[in-house]
Structure formats: C-alpha cells, structure tokens
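Have a look at model30.cif; it's mmCIF, C-alpha atoms:
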```cif
data_upload
#
loop_
_atom_site.group_PDB
_atom_site.id
_atom_site.type_symbol
_atom_site.label_atom_id
_atom_site.label_comp_id
_atom_site.auth_asym_id
_atom_site.auth_seq_id
_atom_site.Cartn_x
_atom_site.Cartn_y
_atom_site.Cartn_z
ATOM 1 C CA MET G 28 1.685 10.995 19.722
ATOM 2 C CA LEU G 29 4.191 8.793 21.570
ATOM 3 C CA THR G 30 4.382 6.536 18.520
ATOM 4 C CA HIS G 31 5.999 9.354 16.559
ATOM 5 C CA GLN G 32 7.994 10.976 19.378
ATOM 6 C CA ASN G 33 11.445 9.679 18.332
ATOM 7 C CA ASP G 34 10.872 10.731 14.719
ATOM 8 C CA ILE G 35 9.727 14.180 15.830
ATOM 9 C CA ASP G 36 12.718 14.613 18.150
ATOM 10 C CA VAL G 37 15.148 13.754 15.334
ATOM 11 C CA ARG G 38 13.486 16.150 12.894
ATOM 12 C CA VAL G 39 13.517 18.950 15.456
ATOM 13 C CA ALA G 40 17.202 18.309 16.236
ATOM 14 C CA ASP G 41 18.558 17.529 12.754
ATOM 15 C CA GLU G 42 16.365 19.669 10.556
ATOM 16 C CA ASN G 43 15.774 22.606 12.916
ATOM 17 C CA MET G 44 12.056 21.987 12.554
ATOM 18 C CA PRO G 45 10.019 24.123 14.954
ATOM 19 C CA ARG G 46 8.463 21.781 17.522
ATOM 20 C CA ASP G 47 5.093 23.552 17.284
ATOM 21 C CA THR G 48 4.779 22.387 13.640
ATOM 22 C CA THR G 49 5.001 18.719 14.629
ATOM 23 C CA ALA G 50 1.633 18.418 16.351
ATOM 24 C CA ILE G 51 -0.286 15.267 15.497
ATOM 25 C CA THR G 52 -3.944 14.875 16.344
ATOM 26 C CA PRO G 53 -4.880 11.173 16.369
ATOM 27 C CA HIS G 54 -8.365 10.047 15.416
ATOM 28 C CA GLU G 55 -9.252 6.538 16.560
ATOM 29 C CA PHE G 56 -11.961 4.539 14.819
ATOM 30 C CA GLU G 57 -13.622 1.531 16.382
ATOM 31 C CA ARG G 58 -14.890 -0.110 13.188
ATOM 32 C CA GLU G 59 -14.537 0.090 9.447
ATOM 33 C CA GLY G 60 -16.533 2.555 7.429
ATOM 34 C CA VAL G 61 -16.365 6.165 6.282
ATOM 35 C CA ILE G 62 -13.852 8.008 8.445
ATOM 36 C CA PHE G 63 -13.694 11.287 6.500
ATOM 37 C CA ASP G 64 -16.295 12.972 4.304
ATOM 38 C CA GLN G 65 -15.693 16.622 3.470
ATOM 39 C CA LYS G 66 -15.791 18.769 0.340
ATOM 40 C CA GLY G 67 -16.432 15.790 -1.916
ATOM 41 C CA VAL G 68 -13.593 13.658 -0.538
ATOM 42 C CA ARG G 69 -14.698 10.460 1.175
ATOM 43 C CA VAL G 70 -12.220 8.130 2.893
ATOM 44 C CA THR G 71 -13.355 4.664 3.873
ATOM 45 C CA MET G 72 -11.258 2.551 6.223
ATOM 46 C CA PHE G 73 -11.513 -1.238 6.107
ATOM 47 C CA GLU G 74 -9.799 -4.024 8.017
ATOM 48 C CA VAL G 75 -7.191 -6.219 6.327
ATOM 49 C CA GLU G 76 -5.266 -9.211 7.612
ATOM 50 C CA HIS G 77 -1.575 -8.652 8.226
ATOM 51 C CA ASP G 78 -0.979 -12.115 9.666
ATOM 52 C CA ALA G 79 -3.025 -15.206 10.477
ATOM 53 C CA ALA G 80 -2.347 -14.943 14.219
ATOM 54 C CA GLY G 81 -3.668 -11.370 14.382
ATOM 55 C CA ALA G 82 -0.450 -10.110 15.968
ATOM 56 C CA ILE G 83 -0.932 -6.767 14.242
ATOM 57 C CA ASP G 84 -4.504 -5.762 14.909
ATOM 58 C CA PRO G 85 -5.943 -3.683 13.594
ATOM 59 C CA ALA G 86 -4.333 -3.649 10.169
ATOM 60 C CA VAL G 87 -6.243 -1.422 7.766
ATOM 61 C CA GLY G 88 -6.546 -0.295 4.174
ATOM 62 C CA TYR G 89 -8.219 2.798 2.752
ATOM 63 C CA ARG G 90 -10.397 3.713 -0.187
ATOM 64 C CA VAL G 91 -10.472 7.365 -1.215
ATOM 65 C CA ASP G 92 -13.280 8.621 -3.470
ATOM 66 C CA PHE G 93 -13.535 12.070 -5.044
ATOM 67 C CA GLY G 94 -16.217 12.602 -7.653
ATOM 68 C CA ASP G 95 -15.929 9.724 -10.102
ATOM 69 C CA SER G 96 -12.301 8.988 -9.157
ATOM 70 C CA SER G 97 -11.152 6.391 -6.637
ATOM 71 C CA VAL G 98 -7.963 5.066 -5.075
ATOM 72 C CA LEU G 99 -7.512 2.023 -2.869
ATOM 73 C CA ILE G 100 -4.469 1.591 -0.623
ATOM 74 C CA SER G 101 -4.191 -1.999 0.580
ATOM 75 C CA GLY G 102 -2.200 -1.326 3.705
ATOM 76 C CA ASP G 103 0.278 -3.923 4.974
ATOM 77 C CA THR G 104 -1.596 -7.143 4.258
ATOM 78 C CA ARG G 105 -1.583 -10.670 3.043
ATOM 79 C CA PRO G 106 -4.337 -11.406 0.490
ATOM 80 C CA THR G 107 -7.670 -10.506 2.045
ATOM 81 C CA PRO G 108 -11.229 -10.409 0.668
ATOM 82 C CA LYS G 109 -11.719 -6.824 1.867
ATOM 83 C CA VAL G 110 -9.301 -5.540 -0.804
ATOM 84 C CA LEU G 111 -11.398 -7.328 -3.425
ATOM 85 C CA GLU G 112 -14.616 -5.931 -1.962
ATOM 86 C CA TYR G 113 -13.499 -2.308 -1.661
ATOM 87 C CA GLY G 114 -11.203 -2.331 -4.703
ATOM 88 C CA GLU G 115 -13.680 -3.326 -7.382
ATOM 89 C CA ASN G 116 -13.154 -1.063 -10.441
ATOM 90 C CA VAL G 117 -11.115 1.616 -8.630
ATOM 91 C CA ASP G 118 -9.034 3.915 -10.786
ATOM 92 C CA LEU G 119 -5.824 3.264 -8.860
ATOM 93 C CA LEU G 120 -5.157 0.245 -6.661
ATOM 94 C CA ILE G 121 -1.958 0.593 -4.631
ATOM 95 C CA HIS G 122 -0.956 -2.734 -3.101
ATOM 96 C CA GLU G 123 1.954 -3.944 -1.014
ATOM 97 C CA VAL G 124 4.116 -6.809 -2.331
ATOM 98 C CA ALA G 125 6.879 -9.124 -1.106
ATOM 99 C CA ASP G 126 9.057 -11.585 -2.997
ATOM 100 C CA PHE G 127 12.651 -12.785 -2.957
ATOM 101 C CA VAL G 128 15.315 -14.226 -5.245
ATOM 102 C CA ASP G 129 14.951 -17.647 -3.590
ATOM 103 C CA PRO G 130 11.441 -18.021 -2.147
ATOM 104 C CA SER G 131 12.254 -21.462 -0.742
ATOM 105 C CA VAL G 132 14.537 -20.109 2.032
ATOM 106 C CA PRO G 133 12.830 -21.304 5.257
ATOM 107 C CA ALA G 134 13.470 -18.052 7.137
ATOM 108 C CA LEU G 135 11.433 -16.159 4.535
ATOM 109 C CA GLN G 136 8.248 -18.157 5.057
ATOM 110 C CA LYS G 137 7.181 -15.911 7.964
ATOM 111 C CA VAL G 138 7.742 -12.863 5.762
ATOM 112 C CA TYR G 139 5.596 -14.399 3.016
ATOM 113 C CA SER G 140 2.866 -15.183 5.543
ATOM 114 C CA HIS G 141 2.585 -11.433 6.365
ATOM 115 C CA HIS G 142 2.555 -10.109 2.811
ATOM 116 C CA THR G 143 1.210 -10.612 -0.703
ATOM 117 C CA ASN G 144 3.460 -12.129 -3.350
ATOM 118 C CA PRO G 145 3.402 -10.861 -6.961
ATOM 119 C CA GLN G 146 1.273 -13.712 -8.295
ATOM 120 C CA GLN G 147 -1.301 -13.174 -5.524
ATOM 121 C CA ALA G 148 -1.286 -9.424 -6.133
ATOM 122 C CA GLY G 149 -1.781 -10.101 -9.838
ATOM 123 C CA GLU G 150 -4.848 -12.179 -9.021
ATOM 124 C CA ILE G 151 -6.183 -9.296 -6.905
ATOM 125 C CA PHE G 152 -5.559 -6.815 -9.743
ATOM 126 C CA ALA G 153 -7.181 -9.163 -12.288
ATOM 127 C CA HIS G 154 -10.253 -9.519 -10.063
ATOM 128 C CA THR G 155 -10.664 -5.806 -9.198
ATOM 129 C CA ARG G 156 -9.729 -4.438 -12.650
ATOM 130 C CA PRO G 157 -8.223 -1.082 -11.658
ATOM 131 C CA ALA G 158 -7.414 1.452 -14.371
ATOM 132 C CA MET G 159 -3.875 1.320 -12.912
ATOM 133 C CA ALA G 160 -2.280 -1.061 -10.441
ATOM 134 C CA ALA G 161 0.747 0.104 -8.482
ATOM 135 C CA TYR G 162 3.083 -1.410 -5.941
ATOM 136 C CA SER G 163 4.051 0.215 -2.671
ATOM 137 C CA HIS G 164 5.670 -1.158 0.499
ATOM 138 C CA ILE G 165 7.898 -3.327 -1.680
ATOM 139 C CA VAL G 166 9.693 -6.055 0.288
ATOM 140 C CA ASN G 167 12.282 -7.712 -1.943
ATOM 141 C CA GLY G 168 15.429 -8.462 0.061
ATOM 142 C CA ALA G 169 17.634 -7.683 3.025
ATOM 143 C CA PRO G 170 21.198 -7.289 1.682
ATOM 144 C CA PRO G 171 23.771 -8.630 2.197
ATOM 145 C CA GLN G 172 22.204 -11.817 3.632
ATOM 146 C CA ILE G 173 19.222 -11.839 1.276
ATOM 147 C CA PRO G 174 19.943 -10.150 -2.070
ATOM 148 C CA ASP G 175 17.319 -7.838 -3.558
ATOM 149 C CA LEU G 176 14.979 -9.388 -6.090
ATOM 150 C CA PRO G 177 15.182 -7.138 -9.177
ATOM 151 C CA LEU G 178 11.985 -5.140 -9.622
ATOM 152 C CA ASP G 179 11.621 -6.287 -13.241
ATOM 153 C CA VAL G 180 11.487 -9.891 -11.969
ATOM 154 C CA MET G 181 8.745 -8.877 -9.539
ATOM 155 C CA ILE G 182 6.806 -7.430 -12.475
ATOM 156 C CA GLU G 183 7.393 -10.610 -14.525
ATOM 157 C CA ARG G 184 6.011 -12.683 -11.641
ATOM 158 C CA THR G 185 2.961 -10.400 -11.431
ATOM 159 C CA ARG G 186 2.392 -10.884 -15.161
ATOM 160 C CA GLU G 187 1.852 -14.595 -14.537
ATOM 161 C CA THR G 188 -1.625 -13.689 -13.249
ATOM 162 C CA TYR G 189 -2.287 -10.101 -14.436
ATOM 163 C CA ASP G 190 -1.883 -8.426 -17.800
ATOM 164 C CA GLY G 191 -3.287 -4.949 -17.093
ATOM 165 C CA PRO G 192 -1.613 -1.592 -16.387
ATOM 166 C CA LEU G 193 1.022 -1.838 -13.653
ATOM 167 C CA THR G 194 3.639 0.472 -12.218
ATOM 168 C CA MET G 195 6.288 0.004 -9.557
ATOM 169 C CA GLY G 196 5.796 2.733 -6.970
ATOM 170 C CA GLU G 197 8.618 5.088 -6.035
ATOM 171 C CA ASP G 198 8.933 7.724 -3.336
ATOM 172 C CA LEU G 199 7.186 10.977 -4.312
ATOM 173 C CA MET G 200 5.682 9.476 -7.481
ATOM 174 C CA THR G 201 2.582 11.370 -8.650
ATOM 175 C CA PHE G 202 -0.617 9.862 -10.049
ATOM 176 C CA TYR G 203 -3.073 12.013 -12.015
ATOM 177 C CA ILE G 204 -6.552 10.484 -12.264
ATOM 178 C CA SER G 205 -9.265 11.559 -14.696
ATOM 179 C CA ASP G 206 -12.090 9.586 -16.330
ATOM 180 C CA ARG G 207 -10.586 6.114 -15.661
ATOM 181 C CA ASP G 208 -7.270 7.354 -17.040
ATOM 182 C CA VAL G 209 -4.305 7.298 -14.665
ATOM 183 C CA ARG G 210 -1.145 9.136 -15.645
ATOM 184 C CA VAL G 211 2.013 8.332 -13.668
ATOM 185 C CA GLU G 212 4.900 10.749 -13.209
ATOM 186 C CA PRO G 213 8.062 9.829 -11.298
ATOM 187 C CA TYR G 214 9.555 12.420 -8.982
ATOM 188 C CA GLU G 215 12.306 14.439 -10.599
#
```
Once more with this new file: its structure as structure tokens, please.
Amino acid sequence: MLTHQNDIDVRVADENMPRDTTAITPHEFEREGVIFDQKGVRVTMFEVEHDAAGAIDPAVGYRVDFGDSSVLISGDTRPTPKVLEYGENVDLLIHEVADFVDPSVPALQKVYSHHTNPQQAGEIFAHTRPAMAAYSHIVNGAPPQIPDLPLDVMIERTRETYDGPLTMGEDLMTFYISDRDVRVEPYE
C-alpha cells in the first residue's frame, strides 16, 4: 500500500476521490505459476530479467488465458527466454520496447541493457508467432536532451526481423480477441 500512497493522496486531493475507494489489497507470490484461476480466466506469472545485475528483482510478466484466447504481457524486460516459453502462439503478445534516434550515445547503453530493442522484439515475435504483436512501455527519447525516435522508425526497425501483425500501443487502446483474430481499436 505504501508504494501507491503518494498517488492515492494526489487523487484524493485533486480529483475529490473518496479515500475508501482507493483500497489496494496486495497479493504476494513467492514463485512463478498460476496466480489467478476463476471463472475460466487463468493468469500465470513468470519471471523476466529487467537487468543483468538483478537490481530489479523480481521483474515479472503475465500470461492470461480465457477459453481458447491468450494474451502475454512481457513486463519491463530485456530479452528473456521466459517470454519465448510462455508466449508461444498467444493471440496477443504485448511487449515493451526501447530505441533512440542515435543508439550509439554512450549514456543510452544502460537504458538498452534494461530493455528490448525493436530488432530483438521482432525476433521474439517471429519466434512466438502471435496473432497480433503490440508494443507497450515504449521508451524512445527524453526531450529535449534526447529527441524522440519517431514511432514509424521503431516499426521499421522491428520489420528488420518480423513481418507479422504489429501495432503500436496507445493509452486506453482496446483489443478484441476471437478465434486467433485480434481486432485493435484506438481510444476515441
């Protein structure tokens, strides 16, 4: 609860949100596996690798299954075999990505070591063969010092290693999944 306390305090103050609606009940899990299984919805948590030193531990991803439909959310990770293992043939694979206008800038090497670049993500998508691949947690600049990499360039770089369905995630985007068909609708 303390992790979210500042956010809760701001929402209560700025948005007049009743404090009693902000309750969060944490559920800690010691190891990967099924963490939720009710009414046909099964959520499996698996460990990913945010950084080689293990500074952020645990870092996790999730696979959600409902009937014949499945979604994998990579979490904040550099390329890791667990995404390949749990993501095989999912309907929707949502993966984080990071890339910059000039990838050779020395200060960015630490950022790259904590994330997945578009070519690496493309290799993951090509291996797992999702019905739809999507990007989330998009790291592409820090203006004004580091200009944003245009999203179409990020897609072009992904296409170097992946030629399947791909969408750039946006806040409140909706995905409809049915029989290995994924329809994407932006928020309006």
(request) Any chance you could resolve the PyMOL selection byres ((chain G and resi 206) around 8) against this file and give the residues as a list in words? (result) Asp95, Ser96, Ile204, Ser205, Arg207 and Asp208 of chain G
(message) Could you tell me, as an MDAnalysis selection string, exactly which residues end up selected when the PyMOL selection byres ((chain G and resi 129-136) around 12) is applied to this structure?
(response) chainID G and resid 78 125:128 137:145 166:169 172:177 180
(message) Quick check on the file I pasted: which residues fall under the PyMOL selection byres ((chain G and resi 102) around 12)? Write them as a ChimeraX atom specification.
(response) /G:72-77,83,85-90,99-101,103-107,109-110,120-124,141-143,162-165
Would you write out, as JSON lines, a table of all residues in segment 56-174 of chain G that have an atom no more than 7 Å from an atom of segment 181-187 of chain G, listing for each the closest atom pair and the distance in Å to one decimal, considering only C-alpha atoms and ordering rows by chain and rising residue number?
```
{"residue": "G:Pro145", "atom": "CA", "partner": "G:Thr185", "partner_atom": "CA", "distance": 4.5}
{"residue": "G:Gln146", "atom": "CA", "partner": "G:Thr185", "partner_atom": "CA", "distance": 4.9}
{"residue": "G:Ala148", "atom": "CA", "partner": "G:Thr185", "partner_atom": "CA", "distance": 6.9}
{"residue": "G:Gly149", "atom": "CA", "partner": "G:Thr185", "partner_atom": "CA", "distance": 5.0}
```
(request) To one decimal in Å, tell me the separation between atom CA of Asn116 of chain G and atom CA of Ala160 of chain G. (result)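 Computing it gives 10.9 Å between the two atoms.
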(request) Please provide as a VMD selection string all residues within 9 Å of Leu199 of chain G, with the sequence filter that same-chain residues fewer than 3 positions apart are discarded (counting all atoms listed in the file). (result) chain G and resid 196 213 to 215
(message) To one decimal place in Å, what is the distance between atom CA of Asp84 of chain G and atom CA of Val70 of chain G?
(response)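 Separation of atom CA of Asp84 of chain G and atom CA of Val70 of chain G: 19.9 Å.
Proximity to Tyr203 of chain G was assessed for G:Thr155, G:Thr188, G:Gln147, G:Ser97 counting all atoms listed in the file; the smallest distance is recorded for G:Ser97.
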(message) Between G:Ala50, G:Leu119, G:Leu178, G:Ala153, which residue has the minimum interatomic distance to Thr201 of chain G, considering all atoms listed in the file?
(response)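 Selected residue with least distance to Thr201 of chain G: G:Leu119.
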Let me know the centre plus edge lengths, in Å and rounded to one decimal, of a box with edges along x, y and z that contains all listed atoms of segment 151-157 of chain G and is padded by 3 Å on every side, as AutoDock Vina command-line options.
```
--center_x -8.1 --center_y -5.3 --center_z -9.8 --size_x 11.1 --size_y 14.4 --size_z 11.7
```
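Atom CA of Asp92 of chain G sits 11.1 Å away from atom CA of Lys66 of chain G.
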(request) Pick out the closest residue to Thr48 of chain G from this set: G:Met200, G:Leu111, G:Ile35, G:Ile151. Count only C-alpha atoms. (result) G:Ile35
(message) I'd like the contact shell of Pro192 of chain G - 9 Å cut-off, all atoms listed in the file, skipping same-chain residues fewer than 4 positions apart - returned as a PyMOL selection string.
(response) chain G and resi 157-161
(request) Point out the residue among G:Met44, G:Val117, G:Ala82, G:Ile51 with the least atom-to-atom distance to Gln32 of chain G, counting only C-alpha atoms. (result)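 Of G:Met44, G:Val117, G:Ala82, G:Ile51, the one nearest Gln32 of chain G, counting only C-alpha atoms, is G:Ile51.
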